[in-house]
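Student: Input: one structure, supplied below.
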There are 2 protein chains.
Amino acid sequence: MTEMDAKELVRIFPLFDLPLAEYIHQNSEQRTVESGEVLMKPGQYFKYAMLIVNGKVKLYREGEEGEEFFMYFLETGNACALSMLCMARSQASTVSAVATEDTEVIMIPIHHMDVLMSKFTSWYHFVIETYRNRFEELLLVIDQIAFKNMDERLEWYLKRQVKAMGKTITLTHQQIANDINSSREVVSRLLKKMEKNGTISMERNTITWLAAE
Amino acid sequence: MTEMDAKELVRIFPLFDLPLAEYIHQNSEQRTVESGEVLMKPGQYFKYAMLIVNGKVKLYREGEEGEEFFMYFLETGNACALSMLCMARSQASTVSAVATEDTEVIMIPIHHMDVLMSKFTSWYHFVIETYRNRFEELLLVIDQIAFKNMDERLEWYLKRQVKAMGKTITLTHQQIANDINSSREVVSRLLKKMEKNGTISMERNTITWLAAE
DNA sequence: GAAGCCTTGTGACATTTATCACCAAGTTTC
DNA sequence: GAAACTTGGTGATAAATGTCACAAGGCTTC
């Protein structure tokens, strides 16, 4: 994709108005991130607000012993709530972000935040909307790990992957286990059950969602 | 406590400026909520943004079979991020809020939100700060339930209670079990261990934190 | 195409947590 | 102060999940 112009930005971020888009266009860098590249990692200080123009970024929390826990995807038109959060507090990040496909991001340097906040109402609305969405998403994540067993959590996880990536998911059982903080064997066994139920079909490295929704 | 005036509001909510405090003072209701009273429950539509002037409110998530899961306390000077969230989306609440002591709240009717948002920069900042704080708190909650075993989760839970309520906590083992979505027996056994460690001491209905911090 | 690595399947077993059953002691009610 | 209720303690057992060990087949490399 070529460099965005302001109109293009408004199309992708519908809450922006033209002056805001223009300002961001003038005062940000656009960067292409390759699939697999790390965008944010714990301990790192973040000096940009990050907007996703295109592609997909996986956000996950890391435990003290290097465990991972998948939280959600950032997709086209999203902003990274956590990048804003760290930035605003000048705190080190406590999450990891990795591009799961080639991704184009807009990075707005921290020193523009004050201007954006004070001059553009639409920016405020966008930021609040961003927090709001992620907040709700985190509540759903909490429901899952607080109240549900592994089988339901796995199913929910797969549904989210399907929603983001389509019916065919290319992940190994080990990767899934990492994402839901379980173990490969448990995931394999539960997937086997789902295959018998007819919910999914499996091949090496891929899972295909068969059930409705 | 008597009715707030604008200056009093600024003292309690340091991010407010005087005009904002004045506006809120003119356009909100103040209400006293008794300890134990329910402020918000799932399924309810919320028509106010809620600010805590004094007291404490416990926020918890409910599972599909009526399980509970403690998320955090709202204390003096906090706003309820979730009340704003539900309100702004006209969505039914998905959390419960109960006063754990006599609590004074300010309730700003939904139809004032637009004015507040567009006229008062300080309101925006306050709202964003509110989301930010709760967001971070939720991340910590997720860490606990995603990565930690019951013993550590219980200890963390107790520490948060101590922070909010002081070294002496008046809760039954059953109440604690509900809050962390475990069972009374498990909690009793783990508490017993902590008592042997010298971390806490126990009496009927009360736990006293002995360890440092 | 042989060697080696990666992915998945599966049994056996360990650990963690939940559940059941029941008791004892404290507290409240009448 | 006896009965009823609440709270906490504890053993036995069940269920869920994690860990270990190992096998089989697919894929890659040389």
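We name chains A, B, ... following the order of the structure tokens; residues begin at 1 in each chain, and ligands are numbered from 1 as shown.
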If you run DSSP over the backbone, which residues in region 23-206 of chain A end up helix (DSSP H, G or I)? Put them as a count of residues only.

Tutor: 87

Student: Sorted by chain and rising residue number, which residues of chain B lie within 7 Å of chain A, and what are their closest atom pairs and distances in Å to one decimal, counting only C-alpha atoms, as a Markdown table?

Tutor:
```
| residue | atom | partner | partner_atom | distance |
| --- | --- | --- | --- | --- |
| B:Gly63 | CA | A:Phe147 | CA | 6.3 |
| B:Leu85 | CA | A:Arg132 | CA | 6.4 |
| B:Ile128 | CA | A:Ile128 | CA | 6.6 |
| B:Tyr131 | CA | A:Tyr131 | CA | 6.5 |
| B:Arg132 | CA | A:Leu85 | CA | 6.4 |
| B:Phe135 | CA | A:Phe135 | CA | 6.5 |
| B:Ile142 | CA | A:Ile142 | CA | 6.4 |
| B:Asp143 | CA | A:Gly63 | CA | 6.8 |
| B:Ile145 | CA | A:Ile145 | CA | 6.5 |
| B:Ala146 | CA | A:Ile145 | CA | 6.6 |
| B:Phe147 | CA | A:Gly63 | CA | 6.4 |
```

Student: Could you tell me which residues of chain D sit within 12 Å of chain A when counting only C-alpha atoms (C1' of nucleotides), and give me the result as a list in words?

Tutor: DA15, DA16, DT17, DG18, DT19, DC20, DG25, DG26 and DC27 of chain D

Student: Show me which bits of chain C are within 10 Å of chain B, counting only C-alpha atoms (C1' of nucleotides), as a PDB file with C-alpha atoms (C1' of nucleotides), in the first residue's frame.

Tutor:
```pdb
ATOM      1  C1'  DT C  16      -4.190 -28.590  41.660  1.00  0.00           C
ATOM      2  C1'  DT C  17      -8.668 -27.544  42.691  1.00  0.00           C
ATOM      3  C1'  DA C  18     -13.480 -28.754  43.653  1.00  0.00           C
ATOM      4  C1'  DT C  19     -16.858 -31.377  46.022  1.00  0.00           C
ATOM      5  C1'  DG C  26     -19.200 -19.642  68.133  1.00  0.00           C
TER       6       DG C  26
END
```

Student: Excluding same-chain residues fewer than 2 positions from Glu104 (chain B), what lies within 8 Å of it counting only C-alpha atoms (C1' of nucleotides), as a list in words?

Tutor: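 My list of contacting residues is Gln30, Arg31, Thr32, Val33, Ile52, Val53, Asn54, Gly55, Asp102 and Ile106 of chain B.
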